[in-house]
file query_21.csv (CSV, C-alpha atoms)
chain,number,residue,atom,x,y,z
K,91,MET,CA,-69.0,138.2,9.0
K,92,ASN,CA,-69.1,134.5,9.7
K,93,PHE,CA,-69.3,133.3,13.3
K,94,ASP,CA,-66.9,130.4,12.9
K,95,HIS,CA,-64.3,132.7,11.6
K,96,ILE,CA,-64.9,135.2,14.5
K,97,TYR,CA,-64.8,132.3,17.0
K,98,SER,CA,-61.4,131.0,15.8
K,99,THR,CA,-59.9,134.5,15.4
K,100,TYR,CA,-61.0,135.9,18.7
K,101,TRP,CA,-61.3,133.1,21.2
K,102,GLN,CA,-57.8,133.3,22.6
K,103,LYS,CA,-57.8,137.1,22.6
K,104,ILE,CA,-61.0,137.3,24.5
K,105,PHE,CA,-59.9,134.6,26.9
K,106,ARG,CA,-56.7,136.6,27.6
K,107,LEU,CA,-58.7,139.8,28.2
K,108,CYS,CA,-61.0,137.9,30.7
K,109,MET,CA,-58.0,136.2,32.3
K,110,GLY,CA,-56.3,139.6,32.8
K,111,TYR,CA,-59.5,140.8,34.4
K,112,VAL,CA,-60.2,138.0,36.8
K,113,ASN,CA,-57.0,135.9,36.9
K,114,ASP,CA,-59.1,132.8,37.5
K,115,PHE,CA,-58.9,130.2,34.8
K,116,ASP,CA,-62.3,128.7,35.0
K,117,LEU,CA,-64.0,132.0,35.5
K,118,ALA,CA,-62.2,133.5,32.5
K,119,LYS,CA,-63.4,130.6,30.4
K,120,ASP,CA,-67.0,131.2,31.5
K,121,LEU,CA,-66.7,134.9,30.8
K,122,THR,CA,-65.3,134.1,27.3
K,123,GLN,CA,-68.1,131.7,26.6
K,124,ASP,CA,-70.7,134.3,27.8
K,125,THR,CA,-69.1,136.8,25.5
K,126,PHE,CA,-69.4,134.5,22.5
K,127,VAL,CA,-73.0,133.7,23.4
K,128,ILE,CA,-73.8,137.4,23.1
K,129,VAL,CA,-71.7,137.7,19.9
K,130,TRP,CA,-73.7,134.8,18.4
K,131,GLN,CA,-77.0,136.4,19.4
K,132,GLN,CA,-76.1,139.9,18.3
K,133,LEU,CA,-74.1,139.2,15.2
K,134,PRO,CA,-77.1,139.7,12.9
K,135,HIS,CA,-77.6,143.2,14.5
K,136,PHE,CA,-73.9,144.2,14.0
K,137,ARG,CA,-74.1,147.4,12.0
K,138,ASN,CA,-70.5,147.8,10.8
K,139,GLU,CA,-70.4,151.2,12.6
K,140,SER,CA,-67.1,150.0,14.2
K,141,ALA,CA,-64.6,147.4,13.3
K,142,ILE,CA,-65.7,143.9,14.2
K,143,GLY,CA,-62.8,143.6,16.7
K,144,THR,CA,-63.8,146.8,18.5
K,145,TRP,CA,-67.3,145.5,18.7
K,146,ILE,CA,-66.3,142.2,20.2
K,147,PHE,CA,-63.9,143.6,22.6
K,148,ARG,CA,-66.5,146.0,23.7
K,149,ILE,CA,-69.0,143.2,24.4
K,150,ALA,CA,-66.3,141.3,26.3
K,151,SER,CA,-65.2,144.2,28.4
K,152,ASN,CA,-68.7,145.2,29.2
K,153,ASN,CA,-69.4,141.6,30.1
K,154,CYS,CA,-66.4,141.6,32.5
K,155,LEU,CA,-67.6,144.8,34.1
K,156,ARG,CA,-71.0,143.2,34.6
K,157,GLN,CA,-69.3,140.4,36.5
K,158,ILE,CA,-69.2,142.6,39.6
K,159,GLU,CA,-73.0,142.2,39.9
K,160,LYS,CA,-72.7,138.5,40.3
K,161,GLN,CA,-71.4,136.8,43.3
K,162,ASN,CA,-67.9,137.6,44.4
K,163,ARG,CA,-66.3,134.6,42.9
K,164,THR,CA,-63.2,136.4,41.9
K,165,GLN,CA,-60.8,135.0,44.3
K,166,LYS,CA,-57.2,135.6,43.2
K,167,VAL,CA,-55.3,132.5,42.3
K,168,LYS,CA,-52.4,132.1,44.6
K,169,LEU,CA,-49.2,131.1,42.9
K,170,PRO,CA,-47.8,127.8,44.1
K,171,THR,CA,-44.4,128.5,45.7
K,172,HIS,CA,-42.5,125.6,44.2
K,173,LEU,CA,-42.9,127.2,40.8
K,174,GLN,CA,-40.6,130.0,41.8
K,175,GLU,CA,-37.7,127.6,42.4
K,176,ASP,CA,-38.0,125.6,39.2
K,177,ASN,CA,-36.1,127.0,36.3
K,178,SER,CA,-37.8,125.2,33.5
K,179,GLU,CA,-41.1,126.5,34.7
K,180,SER,CA,-40.0,130.0,35.4
K,181,MET,CA,-41.4,131.2,32.0
K,182,GLU,CA,-44.7,129.8,33.2
K,183,SER,CA,-44.5,131.6,36.4
K,184,HIS,CA,-43.5,134.9,34.7
K,185,ILE,CA,-46.8,134.7,32.7
K,186,GLN,CA,-48.7,134.0,35.9
K,187,PHE,CA,-47.1,136.9,37.6
K,188,LEU,CA,-48.0,139.2,34.8
K,189,TYR,CA,-51.7,138.2,34.8
K,190,GLN,CA,-51.8,138.3,38.6
K,191,CYS,CA,-50.4,141.9,38.6
K,192,ILE,CA,-52.8,143.0,35.9
K,193,SER,CA,-55.8,141.5,37.8
K,194,GLU,CA,-54.8,143.5,40.9
K,195,LEU,CA,-55.1,146.8,39.0
K,196,PRO,CA,-58.3,148.9,39.2
K,197,GLU,CA,-60.9,147.4,36.8
K,198,ILE,CA,-60.8,149.9,34.0
K,199,GLU,CA,-57.0,149.8,34.0
K,200,ARG,CA,-57.2,146.0,33.6
K,201,ILE,CA,-59.3,146.5,30.5
K,202,ILE,CA,-57.1,149.2,29.0
K,203,ILE,CA,-53.8,147.3,29.5
K,204,SER,CA,-55.2,144.1,28.3
K,205,LEU,CA,-56.4,145.7,25.1
K,206,GLU,CA,-53.0,147.4,24.6
K,207,LEU,CA,-51.2,144.1,25.1
K,208,GLU,CA,-53.6,142.6,22.6
K,209,ASP,CA,-52.3,145.2,20.1
K,210,VAL,CA,-55.6,147.0,19.8
K,211,LYS,CA,-55.0,150.6,18.5
K,212,GLN,CA,-55.2,153.3,21.1
K,213,ALA,CA,-57.9,155.0,19.2
K,214,GLU,CA,-60.0,151.9,19.4
K,215,ILE,CA,-59.3,151.4,23.1
K,216,ALA,CA,-60.5,154.9,23.6
K,217,GLN,CA,-63.7,154.0,21.7
K,218,ILE,CA,-64.2,150.8,23.7
K,219,VAL,CA,-63.6,152.3,27.1
K,220,GLY,CA,-65.2,155.7,26.5
K,221,LEU,CA,-62.1,157.9,27.3
K,222,SER,CA,-60.3,160.3,25.0
K,223,GLU,CA,-57.3,159.0,23.1
K,224,GLY,CA,-55.0,161.3,24.9
K,225,ASN,CA,-56.3,160.0,28.2
K,226,VAL,CA,-55.8,156.4,27.1
K,227,ARG,CA,-52.2,157.1,26.0
K,228,VAL,CA,-51.3,158.6,29.4
K,229,LYS,CA,-53.0,155.8,31.2
K,230,ILE,CA,-51.2,153.1,29.3
K,231,HIS,CA,-47.9,154.7,30.0
K,232,ARG,CA,-48.7,154.9,33.7
K,233,ILE,CA,-50.0,151.3,33.9
K,234,LYS,CA,-46.9,150.0,32.2
K,235,GLU,CA,-44.7,151.8,34.6
K,236,LYS,CA,-46.6,150.4,37.5
K,237,LEU,CA,-46.5,146.9,36.1
K,238,ALA,CA,-42.8,147.1,35.3
K,239,GLN,CA,-42.0,148.1,38.8
K,240,LYS,CA,-44.2,145.4,40.3
K,241,LEU,CA,-42.7,142.7,38.1
K,242,LYS,CA,-39.1,143.8,38.7
K,243,GLU,CA,-39.7,143.6,42.4
K,244,ILE,CA,-41.0,140.1,42.1
K,245,TRP,CA,-38.4,138.8,39.6
K,246,THR,CA,-35.4,140.1,41.6
K,247,THR,CA,-36.7,138.1,44.6
K,248,ILE,CA,-36.9,134.9,42.6
X,830,MET,CA,-39.1,150.5,25.6
X,831,ASP,CA,-38.1,146.9,26.1
X,832,ASN,CA,-40.5,146.4,29.0
X,833,ASP,CA,-43.2,146.8,26.4
X,834,ILE,CA,-41.9,143.9,24.3
X,835,ASN,CA,-41.6,141.7,27.3
X,836,PHE,CA,-45.2,142.4,28.3
X,837,LYS,CA,-46.7,141.7,25.0
X,838,ASP,CA,-44.6,138.6,24.6
X,839,LEU,CA,-45.6,137.2,28.0
X,840,TRP,CA,-49.2,138.2,27.6
X,841,ALA,CA,-49.6,136.3,24.4
X,842,LYS,CA,-48.2,133.1,25.8
X,843,GLN,CA,-51.2,132.6,28.0
X,844,LYS,CA,-53.0,129.9,26.1
X,845,VAL,CA,-55.9,127.7,26.7
X,846,ALA,CA,-57.4,124.9,24.6
X,847,GLU,CA,-60.1,126.5,22.6
X,848,PRO,CA,-63.3,124.7,23.5
X,849,ASP,CA,-65.3,123.1,20.8
X,850,LYS,CA,-68.0,125.3,19.3
X,851,GLU,CA,-70.5,122.5,20.0
X,852,GLU,CA,-70.0,123.1,23.7
X,853,LEU,CA,-70.9,126.7,23.2
X,854,LEU,CA,-74.1,125.8,21.3
X,855,LEU,CA,-75.1,123.4,24.0
X,856,LYS,CA,-74.6,126.1,26.6
X,857,MET,CA,-76.8,128.5,24.6
X,858,GLU,CA,-79.5,125.9,24.3
X,859,ALA,CA,-79.4,125.2,28.1
X,860,PHE,CA,-79.4,128.9,28.7
X,861,LYS,CA,-82.5,129.4,26.6
X,862,LYS,CA,-84.3,126.5,28.2
X,863,GLU,CA,-83.4,127.7,31.6
X,864,ASN,CA,-84.8,131.2,30.9
X,865,ILE,CA,-88.1,129.8,29.5
X,866,ARG,CA,-88.5,127.5,32.5
X,867,LYS,CA,-87.9,130.4,34.9
X,868,ILE,CA,-90.6,132.5,33.1
X,869,ILE,CA,-93.1,129.7,33.0
X,870,PHE,CA,-92.4,128.7,36.6
X,871,SER,CA,-92.8,132.2,38.0
X,872,ASN,CA,-96.1,132.7,36.1
X,873,ILE,CA,-97.7,129.4,37.0
X,874,LEU,CA,-98.5,130.7,40.5
X,875,LEU,CA,-100.2,133.8,39.1
X,876,VAL,CA,-102.1,131.9,36.4
X,877,ALA,CA,-103.2,129.1,38.9
X,878,THR,CA,-104.4,131.6,41.5
X,879,SER,CA,-106.1,133.8,39.0
X,880,ALA,CA,-107.8,130.8,37.5
X,881,PHE,CA,-109.0,129.7,40.9
X,882,ILE,CA,-110.4,133.1,41.8
X,883,ILE,CA,-112.1,133.4,38.4
X,884,PHE,CA,-113.5,129.9,39.0
X,885,ILE,CA,-115.0,131.0,42.2
X,886,TRP,CA,-116.4,134.1,40.5
X,887,VAL,CA,-118.1,132.0,37.8
X,888,TYR,CA,-119.1,129.1,40.0
X,889,TYR,CA,-120.5,130.8,43.1
X,890,GLN,CA,-121.7,133.9,41.3
X,891,PRO,CA,-121.0,136.5,44.0
X,892,ALA,CA,-123.9,138.9,44.4
X,893,MET,CA,-122.1,141.9,45.7
X,894,LEU,CA,-120.0,144.4,43.8
X,895,THR,CA,-117.4,144.5,46.6
X,896,THR,CA,-116.6,140.8,46.0
X,897,LYS,CA,-116.0,141.4,42.4
X,898,ILE,CA,-113.9,144.5,43.0
X,899,GLY,CA,-112.0,142.5,45.6
X,900,ILE,CA,-111.3,139.7,43.1
X,901,VAL,CA,-110.1,142.3,40.5
X,902,LEU,CA,-107.7,143.9,43.0
X,903,ILE,CA,-106.2,140.6,44.1
X,904,VAL,CA,-105.5,139.6,40.5
X,905,LEU,CA,-104.2,143.0,39.7
X,906,ALA,CA,-101.8,142.9,42.7
X,907,MET,CA,-100.4,139.6,41.6
X,908,ALA,CA,-100.2,140.6,37.9
X,909,ILE,CA,-98.2,143.8,38.8
X,910,TYR,CA,-95.8,141.8,41.0
X,911,MET,CA,-95.2,139.1,38.4
X,912,PHE,CA,-94.9,141.6,35.5
X,913,ALA,CA,-92.2,143.5,37.4
X,914,ASN,CA,-90.4,140.3,38.3
X,915,ASN,CA,-90.4,139.1,34.7
X,916,LYS,CA,-89.3,142.3,33.3
X,917,ASN,CA,-86.3,142.7,35.5
X,918,LYS,CA,-83.9,140.5,33.7
X,919,PRO,CA,-83.7,140.3,29.9
X,920,VAL,CA,-83.9,144.0,29.3
X,921,PHE,CA,-80.1,144.3,29.1
X,922,ASN,CA,-77.9,142.7,26.5
X,923,ILE,CA,-79.9,143.9,23.6
X,924,THR,CA,-78.8,147.5,23.5
X,925,THR,CA,-75.4,147.1,25.2
X,926,THR,CA,-73.3,145.9,22.3
X,927,GLU,CA,-72.7,149.2,20.6
X,928,ILE,CA,-71.7,151.3,23.7
X,929,SER,CA,-68.5,152.0,25.4
X,930,ASN,CA,-67.6,150.8,28.9
X,931,LYS,CA,-68.3,154.3,30.2
X,932,GLU,CA,-71.8,154.4,28.7
X,933,TYR,CA,-72.4,150.8,29.7
X,934,LEU,CA,-71.6,151.5,33.4
X,935,GLU,CA,-73.8,154.6,33.3
X,936,ALA,CA,-76.7,152.6,31.8
X,937,LEU,CA,-76.3,149.9,34.4
X,938,LEU,CA,-76.2,152.4,37.2
X,939,ALA,CA,-79.4,154.1,35.9
X,940,ILE,CA,-81.2,150.7,35.6
X,941,LYS,CA,-80.1,149.8,39.1
X,942,LYS,CA,-81.3,153.1,40.5
X,943,LYS,CA,-84.6,152.7,38.8
X,944,GLN,CA,-84.9,149.1,40.1
X,945,GLN,CA,-84.3,150.4,43.6
X,946,PHE,CA,-87.2,152.7,43.3
X,947,MET,CA,-89.4,150.2,41.5
X,948,GLN,CA,-88.9,147.4,43.9
X,949,THR,CA,-90.1,149.4,46.9
X,950,THR,CA,-93.0,151.0,44.9
X,951,ILE,CA,-94.1,147.7,43.5
X,952,LEU,CA,-93.9,145.8,46.7
X,953,ASN,CA,-95.9,148.5,48.5
X,954,SER,CA,-98.6,148.6,45.9
X,955,TYR,CA,-98.7,144.8,45.8
X,956,PHE,CA,-99.4,144.7,49.6
X,957,VAL,CA,-101.9,147.5,49.5
X,958,LEU,CA,-103.9,146.1,46.6
X,959,LEU,CA,-103.8,142.6,48.0
X,960,SER,CA,-105.0,143.6,51.4
X,961,LEU,CA,-107.7,145.8,50.0
X,962,GLY,CA,-108.7,143.1,47.6
X,963,ILE,CA,-108.9,140.4,50.4
X,964,ALA,CA,-110.9,142.7,52.7
X,965,LEU,CA,-113.4,143.5,50.0
X,966,TYR,CA,-113.6,140.0,48.8
X,967,MET,CA,-114.4,138.7,52.3
X,968,TYR,CA,-117.2,141.1,53.0
X,969,GLU,CA,-119.9,139.2,51.2
X,970,TYR,CA,-119.2,136.0,52.9
X,971,ALA,CA,-118.6,137.6,56.3
X,972,SER,CA,-121.9,139.4,56.1
X,973,LYS,CA,-123.6,136.0,56.0
X,974,MET,CA,-121.9,134.8,59.2
X,975,SER,CA,-122.9,135.6,62.7
X,976,ILE,CA,-121.3,138.8,64.1
X,977,ALA,CA,-118.9,136.9,66.3
X,978,TRP,CA,-117.6,134.8,63.4
X,979,ALA,CA,-117.4,137.7,61.1
X,980,LEU,CA,-115.3,139.7,63.7
X,981,ALA,CA,-113.1,136.7,64.3
X,982,VAL,CA,-112.5,136.1,60.6
X,983,TYR,CA,-111.8,139.8,59.9
X,984,GLY,CA,-109.7,140.2,63.0
X,985,LEU,CA,-107.5,137.3,62.0
X,986,THR,CA,-107.2,138.6,58.4
X,987,VAL,CA,-106.4,142.1,59.6
X,988,LEU,CA,-103.8,140.7,62.0
X,989,TRP,CA,-102.2,138.7,59.2
X,990,ILE,CA,-102.2,141.8,56.9
X,991,LEU,CA,-100.6,144.0,59.6
X,992,PHE,CA,-98.0,141.3,60.3
X,993,ASN,CA,-97.1,141.3,56.6
X,994,TRP,CA,-97.1,145.1,56.4
X,995,PHE,CA,-95.0,145.8,59.5
X,996,TYR,CA,-92.8,142.7,59.6
X,997,PHE,CA,-92.5,140.9,56.3
X,998,ARG,CA,-92.6,143.9,53.9
X,999,PRO,CA,-89.9,146.0,55.6
X,1000,LYS,CA,-87.8,142.9,55.9
X,1001,GLN,CA,-88.2,142.1,52.2
X,1002,ILE,CA,-87.5,145.7,51.2
X,1003,LYS,CA,-84.4,145.9,53.3
X,1004,LYS,CA,-83.1,142.7,51.8
X,1005,GLN,CA,-83.6,143.9,48.2
X,1006,GLN,CA,-82.2,147.3,48.9
X,1007,HIS,CA,-79.2,146.0,50.6
X,1008,LYS,CA,-78.3,143.8,47.6
X,1009,LEU,CA,-79.0,146.7,45.2
X,1010,ASN,CA,-77.1,149.3,47.2
X,1011,GLU,CA,-74.0,147.0,47.2
X,1012,ILE,CA,-74.1,146.7,43.4
X,1013,ILE,CA,-74.8,150.4,43.0
X,1014,SER,CA,-71.8,151.4,45.1
X,1015,LYS,CA,-69.6,149.0,43.1
X,1016,PHE,CA,-70.8,150.5,39.8
X,1017,GLU,CA,-70.3,154.0,41.1
X,1018,ARG,CA,-66.7,153.1,42.0
X,1019,LEU,CA,-66.1,151.8,38.5
X,1020,ASN,CA,-67.7,154.9,37.0
X,1021,GLN,CA,-65.4,157.0,39.1
X,1022,GLN,CA,-62.4,155.2,37.6
X,1023,ILE,CA,-63.4,156.6,34.2
X,1024,ALA,CA,-65.0,159.9,35.2
X,1025,GLY,CA,-62.2,160.8,37.5
X,1026,ASN,CA,-59.8,160.8,34.5
X,1027,GLN,CA,-61.6,163.3,32.3
call {"tool": "encode", "arguments": {"input": "query_21.csv", "output": "C-alpha cells"}}
result
Amino acid sequence: MNFDHIYSTYWQKIFRLCMGYVNDFDLAKDLTQDTFVIVWQQLPHFRNESAIGTWIFRIASNNCLRQIEKQNRTQKVKLPTHLQEDNSESMESHIQFLYQCISELPEIERIIISLELEDVKQAEIAQIVGLSEGNVRVKIHRIKEKLAQKLKEIWTTI
Amino acid sequence: MDNDINFKDLWAKQKVAEPDKEELLLKMEAFKKENIRKIIFSNILLVATSAFIIFIWVYYQPAMLTTKIGIVLIVLAMAIYMFANNKNKPVFNITTTEISNKEYLEALLAIKKKQQFMQTTILNSYFVLLSLGIALYMYEYASKMSIAWALAVYGLTVLWILFNWFYFRPKQIKKQQHKLNEIISKFERLNQQIAGNQ
C-alpha cells in the first residue's frame, strides 16, 4: 500500500472524523496530521489483518481519544450569529450545526457516528471501537435520533 | 429514514484544503529532531555530573571505601531518575495501531496507573540513594576537618536533605499525582462509555 495513495484517499475522511470529535478547525487539522505521521511510521508494520481503512480509522480514533491527555484546548467553536440570518450561507451553518452537535456527544459516540456517516460498515465500526456489532447498531440508531432532535430544534428556530 | 441521508450529505460537505504532503514530512522531521534534542538535553546533566564525580574519583584518589560507595550511589540515583524520565514517553504508538478503542483506553489506563506507582517509587529511591550517597561521600573529607567544621558541614547537609525530603519531595509527588489522577479519571470516564454498554 502506497502512502501517497492513502494520503489522498483518506485525508478528508480523517479530517472529518477529527472535526466531529473536537469541532475546532485548527485542532482537527493537527490531529489529522498526527494521524498521518503515525500512519507513515507504522505503514511498514501494517499486517493486513484488517482492511487498510479500518486500520487508519483505528489509529485516528485512538489518537483523538489520546487528545484528552493533552491540555484542554478543545474549546467549542461558537457559531457567529449573523450566519443564521443569511440564506446563502445557511447550508454552511447547517454543516456547522451538525459538527457542533456531534462534538457535544460523549466521546465514544462521536467516534461511532462519525464513522457511520463516513460510510464505514457497522462490522468495521465494531472492530474499531471494540463493541459488538449489535451494540454498535443500537448506538447508531440512538445517536441519530438524538442528533435529529437537536438539529430540528435548532433549524426550526432559524 | 431521510434524516440519515441529510446527515451523510451534510457531513461530507465539510471540506478543508488538503495540506501538501511536504508540510507533513517537514513536521515529521521537526518532531524527530525535537525528540532527539529532548533526550540529549535531559541526559547532559547526568553525563556531566557523573563525569565530574568520576573525575574527582580518578584525580583525588579517595582512600576510603565509603567515598567510593557514596559516588556509586549518587550516580546510581541520577541514572535511575533519568532512565525513568526517558522511558516515559515513546513507549506508546508502537503497539497501539492494531487495537480497538476499548483496548487502547484500557492500555492507556494501565500505563497511567503504573506511572502513578513508578513516579512515587522512583522519586523516593532517588532521594534516599542521593542522600545516602552524599552522606557517605562527605565522610572522608569531613574526617579530615576539625570537629566543629565537620559538624557544621554535616549539619547543613542533613538540613538540606531533610528540607528536600519533607518539603520538596511531597510537593513534587503531589504535583505529579494530581496531573496523573486527572488523566486517569478522564480515561476511566471514557472506558465507562464503552464498558457500560456491554
call {"tool": "interface_residues", "arguments": {"input": "query_21.csv", "of": "chain X", "to": "chain K", "cutoff": "6 Å", "atoms": "all atoms listed in the file", "output": "CSV table (one decimal) with C-alpha atoms, in the coordinates of the input"}}
result
chain,number,residue,atom,x,y,z
X,837,LYS,CA,-46.7,141.7,25.0
X,839,LEU,CA,-45.6,137.2,28.0
X,926,THR,CA,-73.3,145.9,22.3
X,929,SER,CA,-68.5,152.0,25.4
X,930,ASN,CA,-67.6,150.8,28.9
X,931,LYS,CA,-68.3,154.3,30.2
X,1012,ILE,CA,-74.1,146.7,43.4
call {"tool": "residues_near_point", "arguments": {"input": "query_21.csv", "point": "(-75.8, 153.0, 34.0)", "cutoff": "12 Å", "atoms": "all atoms listed in the file", "output": "ChimeraX atom specification"}}
result
/K:152,155-156 /X:921,925,928-944,1012-1017,1019-1020
call {"tool": "atom_distance", "arguments": {"input": "query_21.csv", "atom1": "atom CA of Met857 of chain X", "atom2": "atom CA of Val876 of chain X"}}
result
28.1 Å
call {"tool": "residues_around", "arguments": {"input": "query_21.csv", "residues": "Ile1002 of chain X", "least_positions_apart": "4", "cutoff": "9 Å", "atoms": "only C-alpha atoms", "output": "PyMOL selection string"}}
result
chain X and resi 948-949+952+997-998+1006-1007
call {"tool": "residues_around", "arguments": {"input": "query_21.csv", "residues": "Ser972 of chain X", "least_positions_apart": "6", "cutoff": "12 Å", "atoms": "all atoms listed in the file", "output": "list in words"}}
result
Ala892, Met893, Thr895, Thr896, Ala964, Leu965, Tyr966, Trp978, Ala979, Leu980, Val982 and Tyr983 of chain X
call {"tool": "decode", "arguments": {"input": "query_21.csv", "residues": "segment 93-112 of chain K", "atoms": "N, CA, C and O atoms", "output": "PDB file, in the first residue's frame"}}
result
ATOM      1  N   PHE K  93       1.868   5.162   0.385  1.00  0.00           N
ATOM      2  CA  PHE K  93       1.477   6.234   1.302  1.00  0.00           C
ATOM      3  C   PHE K  93       0.776   7.384   0.578  1.00  0.00           C
ATOM      4  O   PHE K  93      -0.218   7.923   1.087  1.00  0.00           O
ATOM      5  N   ASP K  94       1.263   7.758  -0.582  1.00  0.00           N
ATOM      6  CA  ASP K  94       0.642   8.847  -1.334  1.00  0.00           C
ATOM      7  C   ASP K  94      -0.822   8.560  -1.613  1.00  0.00           C
ATOM      8  O   ASP K  94      -1.689   9.437  -1.476  1.00  0.00           O
ATOM      9  N   HIS K  95      -1.076   7.330  -1.992  1.00  0.00           N
ATOM     10  CA  HIS K  95      -2.448   6.926  -2.302  1.00  0.00           C
ATOM     11  C   HIS K  95      -3.310   7.002  -1.039  1.00  0.00           C
ATOM     12  O   HIS K  95      -4.424   7.542  -1.058  1.00  0.00           O
ATOM     13  N   ILE K  96      -2.794   6.492   0.046  1.00  0.00           N
ATOM     14  CA  ILE K  96      -3.526   6.537   1.319  1.00  0.00           C
ATOM     15  C   ILE K  96      -3.798   7.982   1.712  1.00  0.00           C
ATOM     16  O   ILE K  96      -4.896   8.344   2.110  1.00  0.00           O
ATOM     17  N   TYR K  97      -2.773   8.799   1.553  1.00  0.00           N
ATOM     18  CA  TYR K  97      -2.881  10.210   1.939  1.00  0.00           C
ATOM     19  C   TYR K  97      -4.023  10.891   1.189  1.00  0.00           C
ATOM     20  O   TYR K  97      -4.873  11.547   1.782  1.00  0.00           O
ATOM     21  N   SER K  98      -4.042  10.698  -0.124  1.00  0.00           N
ATOM     22  CA  SER K  98      -5.072  11.399  -0.897  1.00  0.00           C
ATOM     23  C   SER K  98      -6.452  10.764  -0.701  1.00  0.00           C
ATOM     24  O   SER K  98      -7.469  11.451  -0.765  1.00  0.00           O
ATOM     25  N   THR K  99      -6.523   9.481  -0.435  1.00  0.00           N
ATOM     26  CA  THR K  99      -7.829   8.842  -0.249  1.00  0.00           C
ATOM     27  C   THR K  99      -8.419   9.172   1.112  1.00  0.00           C
ATOM     28  O   THR K  99      -9.630   9.353   1.251  1.00  0.00           O
ATOM     29  N   TYR K 100      -7.568   9.234   2.133  1.00  0.00           N
ATOM     30  CA  TYR K 100      -8.107   9.306   3.496  1.00  0.00           C
ATOM     31  C   TYR K 100      -8.004  10.658   4.176  1.00  0.00           C
ATOM     32  O   TYR K 100      -8.549  10.830   5.247  1.00  0.00           O
ATOM     33  N   TRP K 101      -7.293  11.629   3.572  1.00  0.00           N
ATOM     34  CA  TRP K 101      -7.097  12.889   4.300  1.00  0.00           C
ATOM     35  C   TRP K 101      -8.425  13.529   4.725  1.00  0.00           C
ATOM     36  O   TRP K 101      -8.630  13.825   5.897  1.00  0.00           O
ATOM     37  N   GLN K 102      -9.318  13.710   3.754  1.00  0.00           N
ATOM     38  CA  GLN K 102     -10.604  14.359   4.068  1.00  0.00           C
ATOM     39  C   GLN K 102     -11.407  13.559   5.089  1.00  0.00           C
ATOM     40  O   GLN K 102     -12.030  14.114   5.984  1.00  0.00           O
ATOM     41  N   LYS K 103     -11.396  12.246   4.925  1.00  0.00           N
ATOM     42  CA  LYS K 103     -12.170  11.390   5.829  1.00  0.00           C
ATOM     43  C   LYS K 103     -11.669  11.512   7.262  1.00  0.00           C
ATOM     44  O   LYS K 103     -12.452  11.648   8.205  1.00  0.00           O
ATOM     45  N   ILE K 104     -10.354  11.461   7.397  1.00  0.00           N
ATOM     46  CA  ILE K 104      -9.781  11.553   8.747  1.00  0.00           C
ATOM     47  C   ILE K 104     -10.013  12.950   9.317  1.00  0.00           C
ATOM     48  O   ILE K 104     -10.310  13.109  10.496  1.00  0.00           O
ATOM     49  N   PHE K 105      -9.908  13.955   8.454  1.00  0.00           N
ATOM     50  CA  PHE K 105     -10.159  15.312   8.931  1.00  0.00           C
ATOM     51  C   PHE K 105     -11.586  15.445   9.475  1.00  0.00           C
ATOM     52  O   PHE K 105     -11.817  16.022  10.530  1.00  0.00           O
ATOM     53  N   ARG K 106     -12.549  14.881   8.729  1.00  0.00           N
ATOM     54  CA  ARG K 106     -13.944  14.970   9.194  1.00  0.00           C
ATOM     55  C   ARG K 106     -14.136  14.245  10.525  1.00  0.00           C
ATOM     56  O   ARG K 106     -14.835  14.736  11.410  1.00  0.00           O
ATOM     57  N   LEU K 107     -13.496  13.099  10.657  1.00  0.00           N
ATOM     58  CA  LEU K 107     -13.585  12.356  11.916  1.00  0.00           C
ATOM     59  C   LEU K 107     -13.057  13.203  13.078  1.00  0.00           C
ATOM     60  O   LEU K 107     -13.705  13.333  14.120  1.00  0.00           O
ATOM     61  N   CYS K 108     -11.903  13.819  12.866  1.00  0.00           N
ATOM     62  CA  CYS K 108     -11.303  14.651  13.915  1.00  0.00           C
ATOM     63  C   CYS K 108     -12.146  15.891  14.175  1.00  0.00           C
ATOM     64  O   CYS K 108     -12.315  16.330  15.310  1.00  0.00           O
ATOM     65  N   MET K 109     -12.685  16.462  13.107  1.00  0.00           N
ATOM     66  CA  MET K 109     -13.526  17.657  13.222  1.00  0.00           C
ATOM     67  C   MET K 109     -14.793  17.327  14.011  1.00  0.00           C
ATOM     68  O   MET K 109     -15.234  18.118  14.838  1.00  0.00           O
ATOM     69  N   GLY K 110     -15.370  16.160  13.746  1.00  0.00           N
ATOM     70  CA  GLY K 110     -16.552  15.745  14.511  1.00  0.00           C
ATOM     71  C   GLY K 110     -16.201  15.555  15.974  1.00  0.00           C
ATOM     72  O   GLY K 110     -17.014  15.801  16.856  1.00  0.00           O
ATOM     73  N   TYR K 111     -14.973  15.155  16.214  1.00  0.00           N
ATOM     74  CA  TYR K 111     -14.555  14.888  17.590  1.00  0.00           C
ATOM     75  C   TYR K 111     -14.304  16.174  18.362  1.00  0.00           C
ATOM     76  O   TYR K 111     -14.730  16.315  19.501  1.00  0.00           O
ATOM     77  N   VAL K 112     -13.590  17.136  17.763  1.00  0.00           N
ATOM     78  CA  VAL K 112     -13.211  18.341  18.515  1.00  0.00           C
ATOM     79  C   VAL K 112     -13.955  19.608  18.102  1.00  0.00           C
ATOM     80  O   VAL K 112     -14.015  20.560  18.864  1.00  0.00           O
TER      81      VAL K 112
END
